[in-house]
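As structure tokens, the structure follows; a few thoughts come after it.
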Amino acid sequence: MMTCRAARTVLPLLAGGDLPPRKARRAERHCASCPGCRAELAGLRRAREMMRAASAGDPGRDLGPAAWGLLMDRIARDRAERGPAPASVRGLPALRWAPAAAALVVAIAGGLLVQGLRPNRPPLSIPEGPGFEAPLPVAAAPQILMPGQAPAAGGSYARAFTAGAPRPVAPPAPQDTIVVTFVSQETGLTVNWTFNKNFEWKGGTK
Amino acid sequence: MRMKDEERILVERVLAGRHDAFEPLVLPYRRALVTLAYRLLRDWEEAGDAAQEALFKAYRHLARFDTGRSFRNWLFQIAVNEARDRARRRGRETASLPELAGRGPAGDDPESGLRSAETRSDLLACLDALSPHEREVFVLRDLQEMNIRDTARTLGCSSVSVRVALSSARRKVRDRIRERFPHLETE
């Protein structure tokens, strides 16, 4: 059985028929046996009906011929300026995203290039050996750790060697060239762009 | 509610460059749009401007209209956004209409009271008791008879938000009517 408190929370929705049927039946059963909630529901219904009657009885207003004429003039001017199509982009809906997609590709390519040409990059080769855990680079300046050496605060590795035979990490090799590869997932076409360390274009291959 | 076939044809004509098809497309909703804007803005002149702007935007962005949706609800959505922007710009959201304050009961007979245009207008001014969101929800759901889902979609909020606002709005409207029109509220 629904309590008065629970019923009062749902009565406004019941008054407009906006409760799910099961909940509505429970609330109605409660109201049938509770004069206070019944009166509350009647008041809400009556107020809603009055507002609806007032709204329906009010004919409202339409745009006058002058306002409509102004609107049509504006549309005609817009049409003359923008061509016959009423929208900025017609045709294939996917084309709407083309500029954003192109910008994203350029941003990613730029990010790859900047990342690739950054000096003092940590070595890409991963040393072998038991107990080795791959270093996880973070955003600070790179730092090469020796076995047993704790990483400095803000160092570039979250983890270092934990056990096993000591094996020093190779010093960073100078990065003379960077190759950026684009592969089309649809056609399989592969394009390589090669740059030297001064970001000078060295050629491209397909 | 889905789009009617004749509306779909008219939309295609407008998109094909026949902008004379725009008038029959929007004509059935023009008055409702102005009235909706008025319910939200409480100013006929501004409501007319808002409706005009909404219709212009509808024309301009017609290609983006999803024909699986109701054209009326799409137009209402544009009009609500336009009215909301105007209300925000002009700081009317917190403004109250004082016209009821000095006005007494419209008459002793509730039915004659409801027939009076003045009382109808005064009753609808009870919407001023509502917050902007409650007013939008109440107008769309109770006065324009949209269902909860379409109301939520039109306002760009969740159905739960609509239910919460609707509950509060109905209570506030009932309280305001009780306060201003005790002779109407009690049959």
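Convention: chains lettered A, B, ... in structure tokens order; per-chain residue numbering from 1; ligands numbered from 1 as shown.
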
Chain B contacts on chain A, only C-alpha atoms, 10 Å, as a VMD selection string: chain A and resid 9 to 16 18 to 19 40 42 to 64 67 to 68 70 to 72 74 to 76 78 to 79 83 to 91 93

Per-residue DSSP, stretch 20-140 of chain B, filtered to alpha helix (DSSP H), as number ranges by chain: B: 22-41, 44-60, 71-89, 110-115, 117-124, 132-138

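If you look at atom CA of B:Arg88 and atom CA of B:Glu134, they are 15.0 Å away from each other.
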
Contacts of B:Gln77 at 12 Å (only C-alpha atoms; same-chain gap of 5+ positions) as a VMD selection string: chain B and resid 33 36 to 37 51 54 to 55 57 to 58 65 69 to 72 82 to 84 136 to 137 140 146 150 to 157

Preceding selection exported with N, CA, C and O atoms as a compact mmCIF listing (two decimals), in the first residue's frame:
```txt
# COMPACT_ATOMS: atom_id res chain seq x y z
N LEU B 33 3.64 28.52 -33.59
CA LEU B 33 5.01 28.94 -33.27
C LEU B 33 5.03 30.29 -32.57
O LEU B 33 5.73 30.48 -31.58
N LEU B 36 3.60 29.80 -29.11
CA LEU B 36 4.57 29.12 -28.25
C LEU B 36 5.63 30.11 -27.77
O LEU B 36 5.97 30.17 -26.58
N ALA B 37 6.14 30.91 -28.70
CA ALA B 37 7.16 31.90 -28.33
C ALA B 37 6.58 32.90 -27.33
O ALA B 37 7.26 33.33 -26.40
N ALA B 51 9.61 34.00 -33.67
CA ALA B 51 9.03 33.03 -34.62
C ALA B 51 9.61 33.26 -36.02
O ALA B 51 9.92 32.30 -36.74
N ALA B 54 13.03 31.92 -36.06
CA ALA B 54 12.99 30.45 -36.04
C ALA B 54 12.66 29.91 -37.43
O ALA B 54 13.26 28.92 -37.89
N LEU B 55 11.74 30.56 -38.11
CA LEU B 55 11.37 30.10 -39.46
C LEU B 55 12.52 30.30 -40.44
O LEU B 55 12.76 29.46 -41.31
N LYS B 57 15.70 30.24 -39.65
CA LYS B 57 16.68 29.20 -39.35
C LYS B 57 16.22 27.84 -39.87
O LYS B 57 17.02 27.03 -40.34
N ALA B 58 14.92 27.62 -39.77
CA ALA B 58 14.38 26.34 -40.27
C ALA B 58 14.62 26.24 -41.78
O ALA B 58 15.01 25.18 -42.29
N PHE B 65 17.42 18.61 -41.44
CA PHE B 65 16.24 18.03 -40.79
C PHE B 65 16.17 16.52 -41.06
O PHE B 65 16.30 16.07 -42.20
N ARG B 69 11.80 12.37 -38.16
CA ARG B 69 11.23 13.06 -37.00
C ARG B 69 9.98 13.84 -37.40
O ARG B 69 9.70 14.03 -38.57
N SER B 70 9.29 14.34 -36.38
CA SER B 70 8.13 15.18 -36.63
C SER B 70 8.62 16.58 -37.03
O SER B 70 9.45 17.18 -36.33
N PHE B 71 8.08 17.09 -38.13
CA PHE B 71 8.49 18.42 -38.57
C PHE B 71 8.04 19.48 -37.56
O PHE B 71 8.76 20.43 -37.27
N ARG B 72 6.85 19.29 -37.02
CA ARG B 72 6.32 20.24 -36.03
C ARG B 72 7.25 20.33 -34.82
O ARG B 72 7.60 21.41 -34.37
N GLU B 82 15.25 29.64 -29.77
CA GLU B 82 15.29 31.06 -30.10
C GLU B 82 14.72 31.89 -28.94
O GLU B 82 15.30 32.90 -28.53
N ALA B 83 13.58 31.44 -28.42
CA ALA B 83 12.95 32.16 -27.30
C ALA B 83 13.86 32.12 -26.08
O ALA B 83 14.00 33.12 -25.36
N ARG B 84 14.50 30.99 -25.86
CA ARG B 84 15.39 30.85 -24.71
C ARG B 84 16.57 31.83 -24.83
O ARG B 84 16.93 32.49 -23.87
N GLU B 136 9.18 25.96 -19.86
CA GLU B 136 9.32 25.29 -21.16
C GLU B 136 8.66 23.91 -21.13
O GLU B 136 7.93 23.54 -22.04
N VAL B 137 8.94 23.19 -20.05
CA VAL B 137 8.39 21.84 -19.93
C VAL B 137 6.86 21.90 -19.86
O VAL B 137 6.16 21.16 -20.56
N LEU B 140 5.27 22.95 -23.28
CA LEU B 140 5.34 21.91 -24.31
C LEU B 140 4.47 20.71 -23.96
O LEU B 140 3.73 20.19 -24.79
N MET B 146 2.68 17.86 -26.17
CA MET B 146 3.75 16.95 -26.58
C MET B 146 3.88 15.86 -25.51
O MET B 146 3.59 16.12 -24.34
N ASP B 150 9.13 13.51 -26.49
CA ASP B 150 9.33 14.59 -27.46
C ASP B 150 9.69 15.90 -26.77
O ASP B 150 10.47 16.70 -27.28
N THR B 151 9.10 16.11 -25.60
CA THR B 151 9.44 17.31 -24.83
C THR B 151 10.92 17.30 -24.48
O THR B 151 11.62 18.31 -24.63
N ALA B 152 11.38 16.15 -24.01
CA ALA B 152 12.79 16.03 -23.64
C ALA B 152 13.68 16.27 -24.85
O ALA B 152 14.68 16.97 -24.78
N ARG B 153 13.28 15.70 -25.96
CA ARG B 153 14.10 15.85 -27.17
C ARG B 153 14.12 17.30 -27.65
O ARG B 153 15.15 17.83 -28.05
N THR B 154 12.96 17.93 -27.58
CA THR B 154 12.87 19.32 -28.01
C THR B 154 13.73 20.23 -27.14
O THR B 154 14.35 21.16 -27.64
N LEU B 155 13.75 19.92 -25.84
CA LEU B 155 14.50 20.78 -24.92
C LEU B 155 15.95 20.34 -24.77
O LEU B 155 16.73 21.01 -24.08
N GLY B 156 16.29 19.20 -25.35
CA GLY B 156 17.67 18.73 -25.24
C GLY B 156 18.02 18.29 -23.83
O GLY B 156 19.13 18.54 -23.36
N CYS B 157 17.06 17.67 -23.14
CA CYS B 157 17.36 17.18 -21.79
C CYS B 157 16.79 15.77 -21.65
O CYS B 157 16.20 15.23 -22.59
```

Residue with smallest distance to B:Asp128 - pool B:Val11, B:Val26, B:Ala21, B:Leu40, counting only C-alpha atoms: B:Leu40

For atom CA of A:Thr181 and atom CA of A:Trp193, the interatomic separation in Å (one decimal):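 Those two atoms sit 6.4 Å apart.
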
Distance in Å - atom CA of B:Leu75 versus atom CA of B:Pro28: 11.3 Å

Need the shell around A:Phe199: protein/DNA/RNA residues with any atom at most 9 Å away, counting only C-alpha atoms. Skip same-chain ones fewer than 4 positions apart. Format as a PDB file with all heavy atoms, in the first residue's frame?
```pdb
ATOM      1  N   LEU A 113      55.365  13.960 -36.178  1.00  0.00           N
ATOM      2  CA  LEU A 113      56.627  14.541 -36.633  1.00  0.00           C
ATOM      3  C   LEU A 113      57.367  15.195 -35.478  1.00  0.00           C
ATOM      4  O   LEU A 113      58.558  14.983 -35.286  1.00  0.00           O
ATOM      5  CB  LEU A 113      56.356  15.582 -37.736  1.00  0.00           C
ATOM      6  CG  LEU A 113      55.956  15.000 -39.080  1.00  0.00           C
ATOM      7  CD1 LEU A 113      55.539  16.115 -40.017  1.00  0.00           C
ATOM      8  CD2 LEU A 113      57.106  14.218 -39.673  1.00  0.00           C
ATOM      9  N   LEU A 117      61.030  13.954 -34.002  1.00  0.00           N
ATOM     10  CA  LEU A 117      62.233  14.782 -34.131  1.00  0.00           C
ATOM     11  C   LEU A 117      62.725  15.324 -32.804  1.00  0.00           C
ATOM     12  O   LEU A 117      63.690  16.057 -32.763  1.00  0.00           O
ATOM     13  CB  LEU A 117      61.939  15.958 -35.082  1.00  0.00           C
ATOM     14  CG  LEU A 117      61.685  15.548 -36.524  1.00  0.00           C
ATOM     15  CD1 LEU A 117      61.256  16.743 -37.339  1.00  0.00           C
ATOM     16  CD2 LEU A 117      62.948  14.932 -37.112  1.00  0.00           C
ATOM     17  N   THR A 177      67.070  10.386 -39.217  1.00  0.00           N
ATOM     18  CA  THR A 177      65.921  10.497 -40.119  1.00  0.00           C
ATOM     19  C   THR A 177      64.657  10.049 -39.408  1.00  0.00           C
ATOM     20  O   THR A 177      64.713   9.282 -38.449  1.00  0.00           O
ATOM     21  CB  THR A 177      66.089   9.604 -41.367  1.00  0.00           C
ATOM     22  OG1 THR A 177      66.234   8.260 -40.929  1.00  0.00           O
ATOM     23  CG2 THR A 177      67.274  10.029 -42.205  1.00  0.00           C
ATOM     24  N   ILE A 178      63.569  10.563 -39.894  1.00  0.00           N
ATOM     25  CA  ILE A 178      62.269  10.110 -39.394  1.00  0.00           C
ATOM     26  C   ILE A 178      61.406   9.782 -40.605  1.00  0.00           C
ATOM     27  O   ILE A 178      61.405  10.510 -41.596  1.00  0.00           O
ATOM     28  CB  ILE A 178      61.604  11.185 -38.496  1.00  0.00           C
ATOM     29  CG1 ILE A 178      60.226  10.726 -37.982  1.00  0.00           C
ATOM     30  CG2 ILE A 178      61.435  12.503 -39.230  1.00  0.00           C
ATOM     31  CD1 ILE A 178      60.296   9.763 -36.885  1.00  0.00           C
ATOM     32  N   PHE A 195      62.045  12.588 -43.435  1.00  0.00           N
ATOM     33  CA  PHE A 195      62.601  13.888 -43.079  1.00  0.00           C
ATOM     34  C   PHE A 195      63.937  13.665 -42.383  1.00  0.00           C
ATOM     35  O   PHE A 195      64.142  12.626 -41.747  1.00  0.00           O
ATOM     36  CB  PHE A 195      61.691  14.630 -42.105  1.00  0.00           C
ATOM     37  CG  PHE A 195      60.312  14.884 -42.636  1.00  0.00           C
ATOM     38  CD1 PHE A 195      59.322  13.923 -42.522  1.00  0.00           C
ATOM     39  CD2 PHE A 195      59.997  16.088 -43.245  1.00  0.00           C
ATOM     40  CE1 PHE A 195      58.044  14.163 -43.011  1.00  0.00           C
ATOM     41  CE2 PHE A 195      58.732  16.321 -43.731  1.00  0.00           C
ATOM     42  CZ  PHE A 195      57.745  15.358 -43.619  1.00  0.00           C
TER      43      PHE A 195
END
```
